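Participant: Sharing a structure with you now.
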Amino acid sequence: MPYAWAAPTGVSMKRIPAVNEDREQKLKRITCFALDMDGTVYLGEKWIEGALDFLSAVEKAGKQYIFLTNNSSKGPQNYVEKLHRMGLSVDESRIVTSGQATIEYLKRNFPGKRVFLLGNELLTREFEEAGICLSESDPQVVVTGFDTSLTYGKMCRVCDLVRSGLPYIATHPDYNCPTENGFIPDAGAIHAFIHASAFRYPDHVVGKPGGDIMDYLAGRAGASREQTAMVGDRLYTDVAAGVNNGYTGILVLSGEAGMRDVEESEIVPDLIFTSVREMIAFL
C-alpha cells in the first residue's frame, strides 16, 4: 500500500505517504529542488550520508537545486564559504535566505520606508547593501531577524517600537536553531519575548512556512510551483512551506521530525524519505 492510515485526535482520517515511495512519480515532474540545509543535507560541518550523491544525481537528471534557509543571521556568502570548506563549490545564486526574501518583501510593500532592524552585523550589512534605509531613532517599520548579537537594550527598544503600533515584520518563525551541540534560541524565541512585553506577534512572517520566500525562490529559479519541491526536516516550516503554498512538500527523517511527529501533525507531507539519498532512485 502506498499510504498508511492515521487519525489525528478529534479530526477526520488523513493519509500519510509511505516512507521511501513515490508511486505517483511526483519527483519526475520536479525541475527545482529547494533544499533546507541543517538536518537535510548536513549536520553542522558533516554531510548527511548520500547528500552529495543526491546533489550530483539532480544535476545529472537535468534538474537544479537551490539551498533555502530561514537563518537570517548569515548571508549567502557565509554559506558559500561553508559549503566550500565541506567540499562543494557553488556560487551565491544557489543560496536563498530569509534575509534576502525579506529585503524583497520590504522593497515591494514598504518602498523607501525607514526600517528598525533587529539583526546582527551580517544582516545589517546585507540590508544596507540592498539599499534599505535603516533607522534606530525614527523608523516606520520594524523588522526582526535572528539576532545573534542580541542585548537587553536592543530588546527594550524593539519592544517599545512594536508597542507603539509600527508595522512588525519577521524574517522567519523558527523557535530554535540546530547546532552541533544541540539547539540555541532562534527568531521565534525572540518573538515570544516581544509578545510577553508588547503583546504583539509579527504582522507578517516572510520565511518558511510563508509563501513569500517560496515565491521569491521560484522567481530566482525560473520554476513554477508545480515544478518546485521544498525538501526539509521540519514539518512546521519546511514541509508546510511546500504543501500550504501549492508546491510539493517533502519530509526527510534525517533531522528534527520523525514519523510520530507526522502522525500527530496537521501538516501532511506529499512525500516522505529517510534522507535525500533515498530520493535518487525516483529522479
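Following the order of the C-alpha cells, chains are lettered A, B, ..., residues in each are numbered from 1, and ligands are numbered from 1.
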Show me, as a list in words, the residues that have an atom within 10 Å of Val58 in chain A when counting only C-alpha atoms, minus same-chain residues fewer than 4 positions from it.

Facilitator: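 Near Val58 in chain A, the qualifying residues are Thr31, Cys32, Phe33, Leu52, Asp53, Phe54, Gly62, Lys63, Gln64, Tyr65, Met279, Ile280 and Leu283 of chain A.
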
Participant: Which polymer residues have any atom within 7 Å of an atom of range 176-191 of chain A, counting only C-alpha atoms, with same-chain residues fewer than 2 positions away left out, as a PyMOL selection string?

Facilitator: chain A and resi 43-44+145-146+172-174+193-195+201

Participant: When you look at Arg163 in chain A with a cut-off of 8 Å (counting only C-alpha atoms), what residues show up, excluding the ones that are within fewer than 4 positions of it in the same chain? I need them as a list in words.

Facilitator: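 What passes the distance filter is Cys159, Ala198, Phe199 and Arg200 of chain A.
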
Participant: Using only C-alpha atoms, which of A:Arg234, A:Lys60, A:Lys208, A:Lys74 sits nearest Ile272 in chain A?

Facilitator: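 So, comparing all the options, the nearest one is A:Arg234.
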
Participant: Counting only C-alpha atoms, what is within 7 Å of range 251-255 of chain A, bar same-chain residues fewer than 5 positions away, as a PyMOL selection string?

Facilitator: chain A and resi 39-40+231-233+239+269+271-276

Participant: Please, could you write that set of residues out with all heavy atoms as a PDB file, in the first residue's frame?

Facilitator:
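Wrote result08.pdb, looks like this:
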```
ATOM      1  N   GLY A  39      20.208  19.493   8.885  1.00  0.00           N
ATOM      2  CA  GLY A  39      19.251  18.433   9.142  1.00  0.00           C
ATOM      3  C   GLY A  39      18.733  17.787   7.872  1.00  0.00           C
ATOM      4  O   GLY A  39      18.124  16.721   7.919  1.00  0.00           O
ATOM      5  N   THR A  40      18.987  18.437   6.730  1.00  0.00           N
ATOM      6  CA  THR A  40      18.505  17.934   5.446  1.00  0.00           C
ATOM      7  C   THR A  40      19.645  17.453   4.568  1.00  0.00           C
ATOM      8  O   THR A  40      19.600  16.340   4.038  1.00  0.00           O
ATOM      9  CB  THR A  40      17.691  19.018   4.713  1.00  0.00           C
ATOM     10  OG1 THR A  40      16.571  19.393   5.522  1.00  0.00           O
ATOM     11  CG2 THR A  40      17.200  18.517   3.358  1.00  0.00           C
ATOM     12  N   VAL A 231      12.178  20.592   0.216  1.00  0.00           N
ATOM     13  CA  VAL A 231      12.654  19.402   0.923  1.00  0.00           C
ATOM     14  C   VAL A 231      13.272  19.828   2.244  1.00  0.00           C
ATOM     15  O   VAL A 231      14.187  20.660   2.273  1.00  0.00           O
ATOM     16  CB  VAL A 231      13.709  18.648   0.088  1.00  0.00           C
ATOM     17  CG1 VAL A 231      14.101  17.346   0.786  1.00  0.00           C
ATOM     18  CG2 VAL A 231      13.205  18.377  -1.320  1.00  0.00           C
ATOM     19  N   GLY A 232      12.791  19.271   3.342  1.00  0.00           N
ATOM     20  CA  GLY A 232      13.346  19.647   4.634  1.00  0.00           C
ATOM     21  C   GLY A 232      13.001  18.674   5.731  1.00  0.00           C
ATOM     22  O   GLY A 232      12.228  17.726   5.537  1.00  0.00           O
ATOM     23  N   ASP A 233      13.585  18.922   6.911  1.00  0.00           N
ATOM     24  CA  ASP A 233      13.419  18.008   8.042  1.00  0.00           C
ATOM     25  C   ASP A 233      12.444  18.526   9.088  1.00  0.00           C
ATOM     26  O   ASP A 233      12.252  17.885  10.110  1.00  0.00           O
ATOM     27  CB  ASP A 233      14.778  17.740   8.706  1.00  0.00           C
ATOM     28  CG  ASP A 233      15.358  18.990   9.354  1.00  0.00           C
ATOM     29  OD1 ASP A 233      15.475  20.023   8.660  1.00  0.00           O
ATOM     30  OD2 ASP A 233      15.674  18.943  10.561  1.00  0.00           O
ATOM     31  N   VAL A 239       8.118  21.624   5.336  1.00  0.00           N
ATOM     32  CA  VAL A 239       7.037  20.914   4.653  1.00  0.00           C
ATOM     33  C   VAL A 239       5.813  21.806   4.497  1.00  0.00           C
ATOM     34  O   VAL A 239       5.182  21.838   3.433  1.00  0.00           O
ATOM     35  CB  VAL A 239       6.689  19.614   5.398  1.00  0.00           C
ATOM     36  CG1 VAL A 239       5.514  18.910   4.719  1.00  0.00           C
ATOM     37  CG2 VAL A 239       7.893  18.681   5.444  1.00  0.00           C
ATOM     38  N   PRO A 269       2.952  15.681   4.652  1.00  0.00           N
ATOM     39  CA  PRO A 269       3.874  15.803   3.522  1.00  0.00           C
ATOM     40  C   PRO A 269       3.332  15.111   2.275  1.00  0.00           C
ATOM     41  O   PRO A 269       2.564  14.143   2.360  1.00  0.00           O
ATOM     42  CB  PRO A 269       5.139  15.098   4.021  1.00  0.00           C
ATOM     43  CG  PRO A 269       4.990  15.006   5.509  1.00  0.00           C
ATOM     44  CD  PRO A 269       3.528  14.918   5.777  1.00  0.00           C
ATOM     45  N   LEU A 271       5.452  13.674   0.199  1.00  0.00           N
ATOM     46  CA  LEU A 271       6.334  12.514   0.147  1.00  0.00           C
ATOM     47  C   LEU A 271       7.199  12.499   1.405  1.00  0.00           C
ATOM     48  O   LEU A 271       7.476  13.562   1.978  1.00  0.00           O
ATOM     49  CB  LEU A 271       7.243  12.557  -1.086  1.00  0.00           C
ATOM     50  CG  LEU A 271       6.562  12.462  -2.460  1.00  0.00           C
ATOM     51  CD1 LEU A 271       7.562  12.815  -3.561  1.00  0.00           C
ATOM     52  CD2 LEU A 271       5.984  11.067  -2.695  1.00  0.00           C
ATOM     53  N   ILE A 272       7.626  11.305   1.819  1.00  0.00           N
ATOM     54  CA  ILE A 272       8.498  11.153   2.981  1.00  0.00           C
ATOM     55  C   ILE A 272       9.637  10.210   2.610  1.00  0.00           C
ATOM     56  O   ILE A 272       9.397   9.127   2.056  1.00  0.00           O
ATOM     57  CB  ILE A 272       7.744  10.584   4.205  1.00  0.00           C
ATOM     58  CG1 ILE A 272       6.530  11.461   4.558  1.00  0.00           C
ATOM     59  CG2 ILE A 272       8.681  10.470   5.406  1.00  0.00           C
ATOM     60  CD1 ILE A 272       5.666  10.873   5.660  1.00  0.00           C
ATOM     61  N   PHE A 273      10.880  10.629   2.936  1.00  0.00           N
ATOM     62  CA  PHE A 273      12.034   9.788   2.688  1.00  0.00           C
ATOM     63  C   PHE A 273      12.912   9.758   3.932  1.00  0.00           C
ATOM     64  O   PHE A 273      12.934  10.713   4.712  1.00  0.00           O
ATOM     65  CB  PHE A 273      12.843  10.296   1.490  1.00  0.00           C
ATOM     66  CG  PHE A 273      12.116  10.183   0.191  1.00  0.00           C
ATOM     67  CD1 PHE A 273      11.356  11.237  -0.298  1.00  0.00           C
ATOM     68  CD2 PHE A 273      12.175   9.013  -0.547  1.00  0.00           C
ATOM     69  CE1 PHE A 273      10.671  11.132  -1.490  1.00  0.00           C
ATOM     70  CE2 PHE A 273      11.495   8.891  -1.746  1.00  0.00           C
ATOM     71  CZ  PHE A 273      10.739   9.950  -2.229  1.00  0.00           C
ATOM     72  N   THR A 274      13.622   8.666   4.101  1.00  0.00           N
ATOM     73  CA  THR A 274      14.536   8.558   5.230  1.00  0.00           C
ATOM     74  C   THR A 274      15.581   9.671   5.170  1.00  0.00           C
ATOM     75  O   THR A 274      15.914  10.287   6.176  1.00  0.00           O
ATOM     76  CB  THR A 274      15.228   7.178   5.235  1.00  0.00           C
ATOM     77  OG1 THR A 274      14.227   6.157   5.204  1.00  0.00           O
ATOM     78  CG2 THR A 274      16.087   7.018   6.468  1.00  0.00           C
ATOM     79  N   SER A 275      16.106   9.910   3.964  1.00  0.00           N
ATOM     80  CA  SER A 275      17.044  11.001   3.720  1.00  0.00           C
ATOM     81  C   SER A 275      16.987  11.327   2.240  1.00  0.00           C
ATOM     82  O   SER A 275      16.316  10.649   1.458  1.00  0.00           O
ATOM     83  CB  SER A 275      18.471  10.611   4.129  1.00  0.00           C
ATOM     84  OG  SER A 275      18.997   9.665   3.215  1.00  0.00           O
ATOM     85  N   VAL A 276      17.693  12.362   1.818  1.00  0.00           N
ATOM     86  CA  VAL A 276      17.686  12.717   0.401  1.00  0.00           C
ATOM     87  C   VAL A 276      18.283  11.611  -0.460  1.00  0.00           C
ATOM     88  O   VAL A 276      17.975  11.497  -1.650  1.00  0.00           O
ATOM     89  CB  VAL A 276      18.418  14.063   0.151  1.00  0.00           C
ATOM     90  CG1 VAL A 276      17.656  15.218   0.751  1.00  0.00           C
ATOM     91  CG2 VAL A 276      19.848  14.017   0.659  1.00  0.00           C
TER      92      VAL A 276
END
```

Participant: Within 9 Å of Gly211 in chain A, counting only C-alpha atoms, which residues qualify if same-chain residues fewer than 5 places away don't, as a PyMOL selection string?

Facilitator: chain A and resi 206+216+241-242+244-245

Participant: So that I have them on file, write out the residues from the current selection with all heavy atoms, as a compact mmCIF listing (two decimals), in the first residue's frame.

Facilitator:
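Dumped to selection-v4.txt:
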```txt
# COMPACT_ATOMS: atom_id res chain seq x y z
N VAL A 206 8.02 36.42 6.69
CA VAL A 206 8.42 36.23 5.31
C VAL A 206 8.92 34.81 5.04
O VAL A 206 8.61 34.21 4.00
CB VAL A 206 9.51 37.25 4.91
CG1 VAL A 206 10.04 36.98 3.50
CG2 VAL A 206 8.96 38.67 5.01
N TYR A 216 9.70 33.94 -3.89
CA TYR A 216 10.97 34.59 -4.19
C TYR A 216 11.94 33.57 -4.79
O TYR A 216 12.61 33.83 -5.80
CB TYR A 216 11.55 35.21 -2.91
CG TYR A 216 12.94 35.78 -3.06
CD1 TYR A 216 13.15 36.98 -3.75
CD2 TYR A 216 14.04 35.13 -2.52
CE1 TYR A 216 14.44 37.50 -3.89
CE2 TYR A 216 15.32 35.64 -2.65
CZ TYR A 216 15.51 36.83 -3.33
OH TYR A 216 16.78 37.34 -3.48
N ALA A 241 5.76 24.97 4.17
CA ALA A 241 6.03 25.94 3.11
C ALA A 241 5.67 25.36 1.75
O ALA A 241 5.23 26.09 0.85
CB ALA A 241 7.49 26.36 3.13
N GLY A 242 5.87 24.06 1.60
CA GLY A 242 5.52 23.43 0.34
C GLY A 242 4.03 23.19 0.20
O GLY A 242 3.38 23.74 -0.68
N ASN A 244 1.38 24.08 1.87
CA ASN A 244 0.42 25.16 2.09
C ASN A 244 0.44 26.23 1.01
O ASN A 244 -0.40 27.11 0.99
CB ASN A 244 0.67 25.84 3.45
CG ASN A 244 0.33 24.94 4.62
OD1 ASN A 244 -0.30 23.90 4.46
ND2 ASN A 244 0.76 25.33 5.81
N ASN A 245 1.43 26.16 0.11
CA ASN A 245 1.57 27.21 -0.89
C ASN A 245 1.58 26.68 -2.33
O ASN A 245 1.97 27.38 -3.25
CB ASN A 245 2.86 28.00 -0.64
CG ASN A 245 2.81 28.77 0.67
OD1 ASN A 245 2.05 29.72 0.83
ND2 ASN A 245 3.63 28.35 1.63
```

Participant: Where does DSSP see strand (DSSP E or B) in range 73-263 of chain A, if you list the residues as a short mmCIF file (atom, residue, chain, number, x, y, z; two decimals) with all heavy atoms, in the first residue's frame?

Facilitator:
```
data_model
loop_
_atom_site.label_atom_id
_atom_site.label_comp_id
_atom_site.auth_asym_id
_atom_site.auth_seq_id
_atom_site.Cartn_x
_atom_site.Cartn_y
_atom_site.Cartn_z
N ILE A 95 22.02 30.03 -3.30
CA ILE A 95 21.66 30.24 -1.89
C ILE A 95 20.52 31.25 -1.81
O ILE A 95 20.59 32.35 -2.36
CB ILE A 95 22.85 30.77 -1.07
CG1 ILE A 95 24.10 29.92 -1.29
CG2 ILE A 95 22.47 30.84 0.40
CD1 ILE A 95 24.03 28.52 -0.76
N VAL A 96 19.46 30.88 -1.09
CA VAL A 96 18.36 31.81 -0.80
C VAL A 96 18.14 31.81 0.71
O VAL A 96 17.98 30.75 1.32
CB VAL A 96 17.06 31.40 -1.52
CG1 VAL A 96 15.88 32.23 -1.02
CG2 VAL A 96 17.21 31.58 -3.03
N THR A 97 18.15 33.00 1.30
CA THR A 97 17.94 33.14 2.75
C THR A 97 16.67 33.95 3.02
O THR A 97 16.18 34.69 2.17
CB THR A 97 19.12 33.85 3.41
OG1 THR A 97 19.11 35.24 3.03
CG2 THR A 97 20.46 33.22 3.00
N ARG A 114 11.73 53.86 6.37
CA ARG A 114 12.81 53.70 7.32
C ARG A 114 12.55 52.47 8.19
O ARG A 114 11.45 52.31 8.73
CB ARG A 114 12.95 54.95 8.20
CG ARG A 114 13.26 56.22 7.41
CD ARG A 114 13.45 57.42 8.34
NE ARG A 114 12.25 57.69 9.14
CZ ARG A 114 11.20 58.40 8.71
NH1 ARG A 114 11.20 58.91 7.48
NH2 ARG A 114 10.17 58.61 9.50
N VAL A 115 13.57 51.63 8.34
CA VAL A 115 13.39 50.33 8.99
C VAL A 115 14.27 50.23 10.23
O VAL A 115 15.47 50.51 10.18
CB VAL A 115 13.76 49.19 8.01
CG1 VAL A 115 13.73 47.84 8.71
CG2 VAL A 115 12.81 49.19 6.81
N PHE A 116 13.65 49.83 11.34
CA PHE A 116 14.43 49.41 12.51
C PHE A 116 14.68 47.92 12.35
O PHE A 116 13.74 47.12 12.27
CB PHE A 116 13.68 49.66 13.81
CG PHE A 116 14.43 49.15 15.03
CD1 PHE A 116 15.33 49.97 15.69
CD2 PHE A 116 14.23 47.84 15.49
CE1 PHE A 116 16.04 49.49 16.79
CE2 PHE A 116 14.93 47.36 16.59
CZ PHE A 116 15.84 48.19 17.24
N LEU A 117 15.92 47.51 12.32
CA LEU A 117 16.27 46.11 12.12
C LEU A 117 16.87 45.53 13.39
O LEU A 117 17.90 46.00 13.88
CB LEU A 117 17.27 45.97 10.98
CG LEU A 117 17.82 44.55 10.74
CD1 LEU A 117 16.69 43.60 10.33
CD2 LEU A 117 18.91 44.57 9.68
N LEU A 118 16.23 44.51 13.90
CA LEU A 118 16.80 43.72 14.99
C LEU A 118 17.56 42.56 14.34
O LEU A 118 16.98 41.54 13.99
CB LEU A 118 15.71 43.20 15.92
CG LEU A 118 16.21 42.52 17.20
CD1 LEU A 118 16.73 43.57 18.18
CD2 LEU A 118 15.11 41.69 17.85
N CYS A 133 16.79 51.57 3.93
CA CYS A 133 17.12 52.69 4.82
C CYS A 133 16.90 52.26 6.27
O CYS A 133 15.76 52.08 6.70
CB CYS A 133 16.25 53.90 4.48
SG CYS A 133 16.54 55.32 5.55
N LEU A 134 17.97 52.11 7.01
CA LEU A 134 17.87 51.69 8.41
C LEU A 134 17.88 52.89 9.34
O LEU A 134 18.62 53.84 9.13
CB LEU A 134 19.02 50.75 8.77
CG LEU A 134 19.11 49.45 7.96
CD1 LEU A 134 20.26 48.59 8.47
CD2 LEU A 134 17.80 48.67 8.00
N VAL A 141 9.00 51.12 10.11
CA VAL A 141 8.72 49.69 10.07
C VAL A 141 9.71 48.99 10.99
O VAL A 141 10.87 49.40 11.08
CB VAL A 141 8.88 49.12 8.63
CG1 VAL A 141 8.53 47.64 8.60
CG2 VAL A 141 8.03 49.89 7.63
N VAL A 142 9.26 47.94 11.66
CA VAL A 142 10.14 47.11 12.50
C VAL A 142 10.34 45.77 11.81
O VAL A 142 9.38 45.13 11.38
CB VAL A 142 9.53 46.88 13.90
CG1 VAL A 142 10.39 45.91 14.71
CG2 VAL A 142 9.38 48.20 14.63
N VAL A 143 11.60 45.33 11.71
CA VAL A 143 11.93 44.01 11.17
C VAL A 143 12.77 43.28 12.20
O VAL A 143 13.78 43.80 12.68
CB VAL A 143 12.70 44.10 9.84
CG1 VAL A 143 13.14 42.71 9.39
CG2 VAL A 143 11.84 44.75 8.76
N THR A 144 12.35 42.07 12.54
CA THR A 144 13.14 41.25 13.47
C THR A 144 13.71 40.04 12.74
O THR A 144 13.01 39.36 12.00
CB THR A 144 12.29 40.77 14.66
OG1 THR A 144 11.16 40.04 14.18
CG2 THR A 144 11.81 41.94 15.49
N TYR A 168 5.13 45.39 11.87
CA TYR A 168 6.08 44.49 12.53
C TYR A 168 6.27 43.26 11.65
O TYR A 168 5.38 42.43 11.52
CB TYR A 168 5.50 44.16 13.91
CG TYR A 168 6.21 43.13 14.76
CD1 TYR A 168 7.54 42.77 14.56
CD2 TYR A 168 5.53 42.54 15.83
CE1 TYR A 168 8.16 41.83 15.37
CE2 TYR A 168 6.13 41.61 16.65
CZ TYR A 168 7.45 41.25 16.41
OH TYR A 168 8.06 40.31 17.22
N ILE A 169 7.45 43.15 11.01
CA ILE A 169 7.76 42.10 10.07
C ILE A 169 8.86 41.22 10.64
O ILE A 169 9.79 41.70 11.28
CB ILE A 169 8.24 42.70 8.71
CG1 ILE A 169 7.30 43.82 8.25
CG2 ILE A 169 8.37 41.59 7.66
CD1 ILE A 169 5.87 43.42 8.06
N ALA A 170 8.76 39.91 10.40
CA ALA A 170 9.78 38.98 10.86
C ALA A 170 10.37 38.22 9.68
O ALA A 170 9.66 37.89 8.72
CB ALA A 170 9.19 37.98 11.85
N ASN A 176 13.97 27.51 17.48
CA ASN A 176 15.33 27.09 17.82
C ASN A 176 16.15 26.88 16.55
O ASN A 176 15.62 26.53 15.50
CB ASN A 176 15.31 25.78 18.62
CG ASN A 176 14.77 25.97 20.01
OD1 ASN A 176 15.35 26.70 20.81
ND2 ASN A 176 13.65 25.32 20.30
N CYS A 177 17.45 27.10 16.69
CA CYS A 177 18.39 26.86 15.60
C CYS A 177 19.27 25.67 15.98
O CYS A 177 19.87 25.66 17.05
CB CYS A 177 19.25 28.09 15.37
SG CYS A 177 20.51 27.90 14.08
N PRO A 178 19.33 24.64 15.11
CA PRO A 178 20.15 23.47 15.45
C PRO A 178 21.64 23.78 15.35
O PRO A 178 22.08 24.52 14.46
CB PRO A 178 19.74 22.44 14.39
CG PRO A 178 19.27 23.26 13.23
CD PRO A 178 18.64 24.48 13.83
N THR A 179 22.42 23.26 16.27
CA THR A 179 23.87 23.37 16.24
C THR A 179 24.45 21.97 16.48
O THR A 179 23.71 21.02 16.79
CB THR A 179 24.41 24.33 17.31
OG1 THR A 179 24.27 23.71 18.61
CG2 THR A 179 23.64 25.65 17.30
N GLY A 182 23.41 20.84 19.99
CA GLY A 182 22.02 20.95 20.40
C GLY A 182 21.34 22.13 19.74
O GLY A 182 21.60 22.45 18.58
N PHE A 183 20.48 22.82 20.49
CA PHE A 183 19.71 23.93 19.95
C PHE A 183 20.02 25.22 20.69
O PHE A 183 20.32 25.22 21.88
CB PHE A 183 18.20 23.65 20.04
CG PHE A 183 17.74 22.52 19.17
CD1 PHE A 183 17.64 21.23 19.68
CD2 PHE A 183 17.41 22.74 17.84
CE1 PHE A 183 17.22 20.19 18.87
CE2 PHE A 183 16.99 21.71 17.03
CZ PHE A 183 16.89 20.43 17.55
N ILE A 184 19.91 26.35 19.95
CA ILE A 184 20.01 27.67 20.56
C ILE A 184 18.76 28.47 20.18
O ILE A 184 18.16 28.22 19.13
CB ILE A 184 21.28 28.42 20.10
CG1 ILE A 184 21.32 28.55 18.57
CG2 ILE A 184 22.52 27.72 20.63
CD1 ILE A 184 22.49 29.39 18.07
N PRO A 185 18.31 29.41 21.02
CA PRO A 185 17.10 30.17 20.73
C PRO A 185 17.22 30.93 19.41
O PRO A 185 18.24 31.57 19.13
CB PRO A 185 16.99 31.14 21.92
CG PRO A 185 17.78 30.48 23.01
CD PRO A 185 18.90 29.77 22.33
N HIS A 204 3.57 39.97 9.92
CA HIS A 204 3.85 39.17 8.72
C HIS A 204 5.20 38.48 8.88
O HIS A 204 6.17 39.10 9.33
CB HIS A 204 3.88 40.06 7.47
CG HIS A 204 3.92 39.29 6.20
ND1 HIS A 204 2.81 38.70 5.63
CD2 HIS A 204 4.97 38.99 5.38
CE1 HIS A 204 3.16 38.09 4.52
NE2 HIS A 204 4.46 38.23 4.35
N VAL A 205 5.24 37.20 8.51
CA VAL A 205 6.48 36.42 8.56
C VAL A 205 6.84 36.03 7.13
O VAL A 205 6.05 35.39 6.43
CB VAL A 205 6.32 35.17 9.43
CG1 VAL A 205 7.62 34.37 9.44
CG2 VAL A 205 5.93 35.55 10.86
N THR A 228 8.36 22.79 -8.52
CA THR A 228 9.27 23.05 -7.41
C THR A 228 8.90 22.21 -6.18
O THR A 228 7.73 22.15 -5.80
CB THR A 228 9.24 24.55 -7.03
OG1 THR A 228 9.55 25.34 -8.18
CG2 THR A 228 10.25 24.85 -5.93
N ALA A 229 9.89 21.60 -5.58
CA ALA A 229 9.69 20.84 -4.34
C ALA A 229 10.48 21.47 -3.21
O ALA A 229 11.63 21.88 -3.39
CB ALA A 229 10.13 19.39 -4.52
N MET A 230 9.86 21.57 -2.05
CA MET A 230 10.53 22.02 -0.84
C MET A 230 10.88 20.80 -0.02
O MET A 230 10.00 20.04 0.39
CB MET A 230 9.61 22.97 -0.05
CG MET A 230 10.22 23.48 1.25
SD MET A 230 11.64 24.54 0.99
CE MET A 230 12.86 23.77 2.08
N VAL A 231 12.18 20.59 0.22
CA VAL A 231 12.65 19.40 0.92
C VAL A 231 13.27 19.83 2.24
O VAL A 231 14.19 20.66 2.27
CB VAL A 231 13.71 18.65 0.09
CG1 VAL A 231 14.10 17.35 0.79
CG2 VAL A 231 13.20 18.38 -1.32
N GLY A 232 12.79 19.27 3.34
CA GLY A 232 13.35 19.65 4.63
C GLY A 232 13.00 18.67 5.73
O GLY A 232 12.23 17.73 5.54
N THR A 248 5.35 21.12 -3.89
CA THR A 248 5.44 19.77 -3.36
C THR A 248 6.26 19.81 -2.07
O THR A 248 7.39 20.30 -2.07
CB THR A 248 6.12 18.82 -4.37
OG1 THR A 248 5.32 18.78 -5.56
CG2 THR A 248 6.24 17.42 -3.80
N GLY A 249 5.69 19.32 -0.98
CA GLY A 249 6.37 19.34 0.31
C GLY A 249 6.91 17.97 0.66
O GLY A 249 6.14 17.00 0.77
N ILE A 250 8.24 17.87 0.81
CA ILE A 250 8.88 16.58 1.05
C ILE A 250 9.58 16.60 2.41
O ILE A 250 10.40 17.49 2.68
CB ILE A 250 9.90 16.26 -0.05
CG1 ILE A 250 9.20 16.23 -1.42
CG2 ILE A 250 10.59 14.92 0.22
CD1 ILE A 250 10.15 16.04 -2.59
N LEU A 251 9.27 15.61 3.24
CA LEU A 251 9.91 15.49 4.54
C LEU A 251 11.01 14.45 4.47
O LEU A 251 10.82 13.35 3.94
CB LEU A 251 8.90 15.06 5.60
CG LEU A 251 9.47 14.79 7.00
CD1 LEU A 251 9.96 16.08 7.65
CD2 LEU A 251 8.44 14.09 7.89
N VAL A 252 12.20 14.81 5.00
CA VAL A 252 13.26 13.82 5.21
C VAL A 252 13.41 13.61 6.71
O VAL A 252 13.31 14.55 7.50
CB VAL A 252 14.60 14.26 4.57
CG1 VAL A 252 14.52 14.16 3.06
CG2 VAL A 252 14.99 15.67 4.98
#
```

Participant: Looking at A:Tyr105, A:Phe282, A:Tyr247, A:Phe110, which one is nearest to Ala34 in chain A, with distances taken over only C-alpha atoms?

Facilitator: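 Comparing A:Tyr105, A:Phe282, A:Tyr247, A:Phe110 against Ala34 in chain A, the winner is A:Tyr247.
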
Participant: State, in Å with one decimal place, the distance from CA of Leu27 in chain A to CA of Ala218 in chain A.

Facilitator: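 Separation of CA of Leu27 in chain A and CA of Ala218 in chain A: 16.6 Å.
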
Participant: Identify all residues of range 185-228 of chain A in alpha helix (DSSP H) (DSSP on the backbone) and supply them as number ranges by chain.

Facilitator: A: 187-198, 211-221

Participant: For N, CA and C atoms, I'd like the residues from the last selection saved as a compact mmCIF listing (two decimals), in the first residue's frame.

Facilitator:
```
# COMPACT_ATOMS: atom_id res chain seq x y z
N ALA A 187 14.71 33.07 16.11
CA ALA A 187 13.85 34.24 15.99
C ALA A 187 12.51 34.06 16.69
N GLY A 188 11.94 32.86 16.63
CA GLY A 188 10.66 32.63 17.28
C GLY A 188 10.70 32.86 18.78
N ALA A 189 11.83 32.53 19.40
CA ALA A 189 12.00 32.78 20.83
C ALA A 189 12.05 34.29 21.10
N ILE A 190 12.67 35.03 20.17
CA ILE A 190 12.69 36.50 20.30
C ILE A 190 11.28 37.06 20.17
N HIS A 191 10.50 36.51 19.25
CA HIS A 191 9.11 36.97 19.09
C HIS A 191 8.31 36.73 20.36
N ALA A 192 8.57 35.59 21.03
CA ALA A 192 7.85 35.29 22.27
C ALA A 192 8.20 36.30 23.36
N PHE A 193 9.45 36.71 23.43
CA PHE A 193 9.88 37.73 24.38
C PHE A 193 9.15 39.04 24.10
N ILE A 194 9.14 39.43 22.82
CA ILE A 194 8.49 40.69 22.44
C ILE A 194 7.01 40.63 22.77
N HIS A 195 6.38 39.50 22.47
CA HIS A 195 4.94 39.37 22.76
C HIS A 195 4.66 39.47 24.25
N ALA A 196 5.53 38.91 25.07
CA ALA A 196 5.32 38.96 26.51
C ALA A 196 5.35 40.39 27.03
N SER A 197 6.09 41.26 26.36
CA SER A 197 6.19 42.65 26.79
C SER A 197 5.26 43.59 26.03
N ALA A 198 5.19 43.40 24.68
CA ALA A 198 4.44 44.34 23.84
C ALA A 198 3.10 43.79 23.38
N GLY A 211 4.53 32.00 2.19
CA GLY A 211 4.67 31.86 0.75
C GLY A 211 5.65 32.84 0.13
N ASP A 212 5.99 33.92 0.83
CA ASP A 212 6.87 34.94 0.24
C ASP A 212 8.22 34.37 -0.16
N ILE A 213 8.83 33.62 0.75
CA ILE A 213 10.16 33.10 0.47
C ILE A 213 10.11 32.05 -0.64
N MET A 214 9.02 31.28 -0.70
CA MET A 214 8.89 30.27 -1.74
C MET A 214 8.71 30.92 -3.11
N ASP A 215 7.91 31.97 -3.16
CA ASP A 215 7.71 32.66 -4.43
C ASP A 215 8.97 33.40 -4.86
N TYR A 216 9.70 33.94 -3.89
CA TYR A 216 10.97 34.59 -4.19
C TYR A 216 11.94 33.57 -4.79
N LEU A 217 12.00 32.39 -4.19
CA LEU A 217 12.87 31.34 -4.70
C LEU A 217 12.46 30.91 -6.10
N ALA A 218 11.16 30.68 -6.32
CA ALA A 218 10.69 30.23 -7.63
C ALA A 218 11.01 31.26 -8.70
N GLY A 219 10.91 32.54 -8.34
CA GLY A 219 11.26 33.60 -9.28
C GLY A 219 12.74 33.57 -9.62
N ARG A 220 13.57 33.36 -8.63
CA ARG A 220 15.01 33.27 -8.85
C ARG A 220 15.36 32.06 -9.71
N ALA A 221 14.66 30.95 -9.48
CA ALA A 221 14.97 29.70 -10.17
C ALA A 221 14.31 29.61 -11.54
```

Participant: Counting only C-alpha atoms, which residue out of A:Asp238, A:Asp22, A:Pro17, A:Asp160 sits closest to Phe67 in chain A?

Facilitator: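 Residue with the minimum atom-to-atom distance to Phe67 in chain A: A:Asp238.
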
Participant: Out of A:Val41, A:Ile267, A:Val262, A:Leu122, which residue has the shortest atom-to-atom distance to Val243 in chain A when counting only C-alpha atoms?

Facilitator: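 Of A:Val41, A:Ile267, A:Val262, A:Leu122, the one nearest Val243 in chain A, counting only C-alpha atoms, is A:Ile267.
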
Participant: Measuring between only C-alpha atoms, which one of A:Arg157, A:Glu256, A:Gly119, A:Tyr175 shows the shortest distance to Glu136 in chain A?

Facilitator: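 Among A:Arg157, A:Glu256, A:Gly119, A:Tyr175, it is A:Arg157 that comes nearest to Glu136 in chain A.
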